[in-house]
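The data block below is coords-v8.tsv; it holds TSV, N, CA and C atoms.
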chain	number	residue	atom	x	y	z
A	465	MET	N	-11.46	-4.05	-10.95
A	465	MET	CA	-10.48	-4.87	-10.29
A	465	MET	C	-10.16	-6.05	-11.20
A	466	VAL	N	-8.89	-6.32	-11.34
A	466	VAL	CA	-8.43	-7.35	-12.27
A	466	VAL	C	-8.91	-8.73	-11.86
A	467	LEU	N	-8.83	-9.05	-10.57
A	467	LEU	CA	-9.25	-10.39	-10.13
A	467	LEU	C	-10.74	-10.63	-10.37
A	468	ALA	N	-11.55	-9.63	-10.14
A	468	ALA	CA	-12.99	-9.78	-10.38
A	468	ALA	C	-13.27	-10.01	-11.86
A	469	ARG	N	-12.55	-9.28	-12.72
A	469	ARG	CA	-12.74	-9.48	-14.17
A	469	ARG	C	-12.28	-10.88	-14.58
A	470	LEU	N	-11.17	-11.34	-13.99
A	470	LEU	CA	-10.69	-12.68	-14.29
A	470	LEU	C	-11.72	-13.72	-13.87
A	471	LEU	N	-12.27	-13.56	-12.68
A	471	LEU	CA	-13.30	-14.49	-12.22
A	471	LEU	C	-14.50	-14.47	-13.14
A	472	ASP	N	-14.90	-13.30	-13.60
A	472	ASP	CA	-16.02	-13.21	-14.55
A	472	ASP	C	-15.73	-14.00	-15.82
A	473	GLU	N	-14.48	-13.96	-16.26
A	473	GLU	CA	-14.10	-14.67	-17.49
A	473	GLU	C	-14.09	-16.19	-17.31
A	474	VAL	N	-13.60	-16.65	-16.16
A	474	VAL	CA	-13.46	-18.10	-15.97
A	474	VAL	C	-14.67	-18.75	-15.34
A	475	ARG	N	-15.54	-17.97	-14.72
A	475	ARG	CA	-16.71	-18.52	-14.01
A	475	ARG	C	-17.50	-19.53	-14.86
A	476	PRO	N	-17.79	-19.26	-16.15
A	476	PRO	CA	-18.55	-20.24	-16.93
A	476	PRO	C	-17.84	-21.58	-17.12
A	477	HIS	N	-16.53	-21.60	-16.90
A	477	HIS	CA	-15.76	-22.82	-17.11
A	477	HIS	C	-15.50	-23.58	-15.82
A	478	LEU	N	-15.94	-23.02	-14.70
A	478	LEU	CA	-15.75	-23.66	-13.41
A	478	LEU	C	-16.97	-24.50	-13.08
A	479	ASN	N	-16.73	-25.57	-12.34
A	479	ASN	CA	-17.85	-26.40	-11.94
A	479	ASN	C	-17.87	-26.56	-10.43
A	480	GLY	N	-19.03	-26.68	-9.87
A	480	GLY	CA	-19.26	-26.99	-8.47
A	480	GLY	C	-18.33	-26.33	-7.49
A	481	GLY	N	-17.49	-27.15	-6.86
A	481	GLY	CA	-16.62	-26.69	-5.80
A	481	GLY	C	-15.62	-25.64	-6.23
A	482	ALA	N	-15.11	-25.73	-7.46
A	482	ALA	CA	-14.14	-24.75	-7.93
A	482	ALA	C	-14.77	-23.37	-8.04
A	483	LYS	N	-15.97	-23.32	-8.54
A	483	LYS	CA	-16.67	-22.05	-8.67
A	483	LYS	C	-16.94	-21.45	-7.30
A	484	GLU	N	-17.43	-22.26	-6.38
A	484	GLU	CA	-17.72	-21.79	-5.03
A	484	GLU	C	-16.43	-21.33	-4.34
A	485	PHE	N	-15.36	-22.10	-4.48
A	485	PHE	CA	-14.09	-21.72	-3.86
A	485	PHE	C	-13.60	-20.38	-4.39
A	486	ALA	N	-13.62	-20.21	-5.70
A	486	ALA	CA	-13.14	-18.97	-6.31
A	486	ALA	C	-13.95	-17.77	-5.84
A	487	GLU	N	-15.25	-17.92	-5.77
A	487	GLU	CA	-16.11	-16.82	-5.35
A	487	GLU	C	-15.90	-16.48	-3.87
A	488	GLN	N	-15.64	-17.49	-3.05
A	488	GLN	CA	-15.41	-17.24	-1.62
A	488	GLN	C	-14.01	-16.72	-1.35
A	489	ALA	N	-13.03	-17.12	-2.16
A	489	ALA	CA	-11.64	-16.73	-1.93
A	489	ALA	C	-11.34	-15.31	-2.39
A	490	LEU	N	-12.08	-14.81	-3.36
A	490	LEU	CA	-11.78	-13.50	-3.94
A	490	LEU	C	-11.73	-12.38	-2.91
A	491	PRO	N	-12.70	-12.24	-2.02
A	491	PRO	CA	-12.63	-11.13	-1.06
A	491	PRO	C	-11.39	-11.16	-0.17
A	492	SER	N	-10.98	-12.35	0.28
A	492	SER	CA	-9.80	-12.42	1.14
A	492	SER	C	-8.53	-12.14	0.36
A	493	LEU	N	-8.49	-12.54	-0.91
A	493	LEU	CA	-7.33	-12.22	-1.74
A	493	LEU	C	-7.20	-10.71	-1.92
A	494	VAL	N	-8.30	-10.06	-2.17
A	494	VAL	CA	-8.30	-8.61	-2.34
A	494	VAL	C	-7.89	-7.92	-1.03
A	495	ALA	N	-8.44	-8.38	0.08
A	495	ALA	CA	-8.13	-7.77	1.38
A	495	ALA	C	-6.67	-7.95	1.76
A	496	ALA	N	-6.08	-9.09	1.40
A	496	ALA	CA	-4.67	-9.36	1.75
A	496	ALA	C	-3.72	-8.51	0.95
A	497	GLY	N	-4.12	-8.07	-0.21
A	497	GLY	CA	-3.28	-7.19	-1.00
A	497	GLY	C	-2.24	-7.87	-1.85
A	498	GLY	N	-2.14	-9.15	-1.80
A	498	GLY	CA	-1.20	-9.86	-2.65
A	498	GLY	C	0.20	-9.96	-2.06
A	499	GLU	N	1.01	-10.74	-2.72
A	499	GLU	CA	2.36	-11.02	-2.25
A	499	GLU	C	3.24	-9.77	-2.22
A	500	ALA	N	3.10	-8.90	-3.19
A	500	ALA	CA	3.93	-7.69	-3.21
A	500	ALA	C	3.66	-6.83	-1.96
A	501	SER	N	2.42	-6.75	-1.54
A	501	SER	CA	2.08	-5.99	-0.33
A	501	SER	C	2.72	-6.62	0.90
A	502	ARG	N	2.70	-7.93	0.98
A	502	ARG	CA	3.32	-8.62	2.11
A	502	ARG	C	4.82	-8.37	2.13
A	503	GLN	N	5.45	-8.39	0.96
A	503	GLN	CA	6.89	-8.16	0.89
A	503	GLN	C	7.24	-6.73	1.26
A	504	ARG	N	6.47	-5.77	0.80
A	504	ARG	CA	6.72	-4.37	1.17
A	504	ARG	C	6.57	-4.17	2.68
A	505	ALA	N	5.54	-4.76	3.26
A	505	ALA	CA	5.32	-4.63	4.70
A	505	ALA	C	6.46	-5.28	5.48
A	506	ALA	N	6.92	-6.44	5.03
A	506	ALA	CA	8.04	-7.10	5.69
A	506	ALA	C	9.29	-6.23	5.62
A	507	PHE	N	9.54	-5.64	4.47
A	507	PHE	CA	10.71	-4.77	4.31
A	507	PHE	C	10.63	-3.57	5.25
A	508	GLU	N	9.45	-2.98	5.36
A	508	GLU	CA	9.28	-1.83	6.25
A	508	GLU	C	9.53	-2.21	7.71
A	509	ARG	N	9.17	-3.44	8.08
A	509	ARG	CA	9.34	-3.88	9.46
A	509	ARG	C	10.76	-4.35	9.76
A	510	GLY	N	11.44	-4.94	8.77
A	510	GLY	CA	12.73	-5.55	9.11
A	510	GLY	C	13.76	-5.57	8.01
A	511	GLY	N	13.56	-4.79	6.97
A	511	GLY	CA	14.55	-4.71	5.89
A	511	GLY	C	14.59	-5.96	5.03
A	512	VAL	N	15.70	-6.08	4.31
A	512	VAL	CA	15.85	-7.19	3.36
A	512	VAL	C	15.79	-8.54	4.08
A	513	GLY	N	16.36	-8.62	5.27
A	513	GLY	CA	16.34	-9.87	6.02
A	513	GLY	C	14.93	-10.36	6.29
A	514	ALA	N	14.04	-9.42	6.59
A	514	ALA	CA	12.65	-9.79	6.85
A	514	ALA	C	11.96	-10.31	5.59
A	515	VAL	N	12.31	-9.74	4.45
A	515	VAL	CA	11.74	-10.22	3.19
A	515	VAL	C	12.25	-11.62	2.89
A	516	VAL	N	13.53	-11.85	3.13
A	516	VAL	CA	14.10	-13.20	2.92
A	516	VAL	C	13.40	-14.20	3.82
A	517	GLU	N	13.18	-13.83	5.07
A	517	GLU	CA	12.46	-14.72	5.99
A	517	GLU	C	11.07	-15.03	5.48
A	518	LEU	N	10.38	-14.01	5.03
A	518	LEU	CA	9.03	-14.20	4.51
A	518	LEU	C	9.03	-15.20	3.35
A	519	LEU	N	10.00	-15.05	2.46
A	519	LEU	CA	10.04	-15.89	1.27
A	519	LEU	C	10.56	-17.30	1.53
A	520	THR	N	11.44	-17.44	2.51
A	520	THR	CA	12.05	-18.75	2.74
A	520	THR	C	11.54	-19.46	3.97
A	521	GLY	N	10.93	-18.70	4.89
A	521	GLY	CA	10.48	-19.30	6.14
A	521	GLY	C	11.64	-19.78	6.99
A	522	SER	N	12.79	-19.10	6.93
A	522	SER	CA	14.00	-19.56	7.61
A	522	SER	C	13.95	-19.41	9.12
A	523	GLY	N	13.00	-18.65	9.65
A	523	GLY	CA	12.85	-18.54	11.08
A	523	GLY	C	13.61	-17.41	11.72
A	524	ASN	N	14.36	-16.63	10.95
A	524	ASN	CA	15.12	-15.54	11.54
A	524	ASN	C	14.25	-14.36	11.93
A	525	TYR	N	13.10	-14.21	11.30
A	525	TYR	CA	12.20	-13.09	11.57
A	525	TYR	C	10.78	-13.62	11.76
A	526	PRO	N	10.55	-14.45	12.78
A	526	PRO	CA	9.22	-15.06	12.93
A	526	PRO	C	8.11	-14.06	13.13
A	527	GLU	N	8.38	-12.90	13.73
A	527	GLU	CA	7.31	-11.92	13.94
A	527	GLU	C	6.81	-11.37	12.62
A	528	VAL	N	7.68	-11.30	11.61
A	528	VAL	CA	7.26	-10.82	10.29
A	528	VAL	C	6.37	-11.86	9.63
A	529	ALA	N	6.74	-13.12	9.74
A	529	ALA	CA	5.92	-14.19	9.14
A	529	ALA	C	4.53	-14.21	9.75
A	530	ARG	N	4.42	-13.80	11.03
A	530	ARG	CA	3.12	-13.77	11.70
A	530	ARG	C	2.41	-12.46	11.48
A	531	GLY	N	3.09	-11.49	10.84
A	531	GLY	CA	2.48	-10.20	10.59
A	531	GLY	C	2.69	-9.21	11.72
A	532	GLY	N	3.55	-9.54	12.68
A	532	GLY	CA	3.81	-8.64	13.79
A	532	GLY	C	4.86	-7.59	13.45
A	533	ARG	N	5.12	-6.74	14.41
A	533	ARG	CA	6.12	-5.68	14.21
A	533	ARG	C	7.38	-6.03	14.95
A	534	ARG	N	8.49	-5.52	14.47
A	534	ARG	CA	9.78	-5.70	15.13
A	534	ARG	C	9.94	-4.68	16.21
Starting from the file, give its structure as C-alpha cells.
Amino acid sequence: MVLARLLDEVRPHLNGGAKEFAEQALPSLVAAGGEASRQRAAFERGGVGAVVELLTGSGNYPEVARGGRR
C-alpha cells in the first residue's frame, strides 16, 4: 500500500504528535478510500450534480455530502 510505504519513509522525520497522528490516521484514510472513491460514489448516487455538491458544499445534494442515498 502506497500510504503505508510513505509513512515508513517519513516516520523517522516525524516527532511526537505528528508521528502519533499519522499512525492513527492511516487506517481511516485507507478505509475511506480517498477522494476519488467519494466522487465516484456521489456520481453513482446523483450524477454530475452530486459530485459538484460534494466538491463545493453548495447544499443541492445534502444526502450525498452525508453519504446517504438519493
TODO: Show which residues sit within 8 Å of Val515 of chain A, as a list of chain:residue names. Count only N, CA and C atoms, and ignore same-chain residues fewer than 2 positions away.
DONE: A:Arg502, A:Gln503, A:Arg504, A:Ala505, A:Ala506, A:Phe507, A:Glu508, A:Arg509, A:Gly510, A:Gly511, A:Val512, A:Gly513, A:Glu517, A:Leu518, A:Leu519, A:Thr520, A:Gly521, A:Tyr525, A:Val528
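Among the candidates A:Ala514, A:Val474, A:Ser522, A:Ala468, the residue lying nearest to Leu490 of chain A is A:Ala468 (atoms considered: only C-alpha atoms).
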Open item on the list: Based on the backbone DSSP call, show me all residues of chain A assigned helix (DSSP H, G or I), as a PyMOL selection string.
Closed with: chain A and resi 466-477+480-496+498-520+526-529
TODO: Between atom N of Ala482 of chain A and atom N of Ala500 of chain A, measure the distance and give it in Å to one decimal.
DONE: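 Computed distance, atom N of Ala482 of chain A to atom N of Ala500 of chain A, equals 25.2 Å.
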Size and centre in Å, one decimal, axis-aligned box, all listed segment 501-519 of chain A atoms plus 8 Å per side, as AutoDock Vina command-line options:
--center_x 9.2 --center_y -9.6 --center_z 4.1 --size_x 30.3 --size_y 31.5 --size_z 27.3
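Picture a line from atom N of Gly498 of chain A to atom C of Met465 of chain A; it runs 12.7 Å.
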TODO: Please measure the separation of atom N of His477 of chain A and atom C of Glu499 of chain A, giving the value in Å to one decimal.
DONE: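 Interatomic distance here is 27.3 Å.
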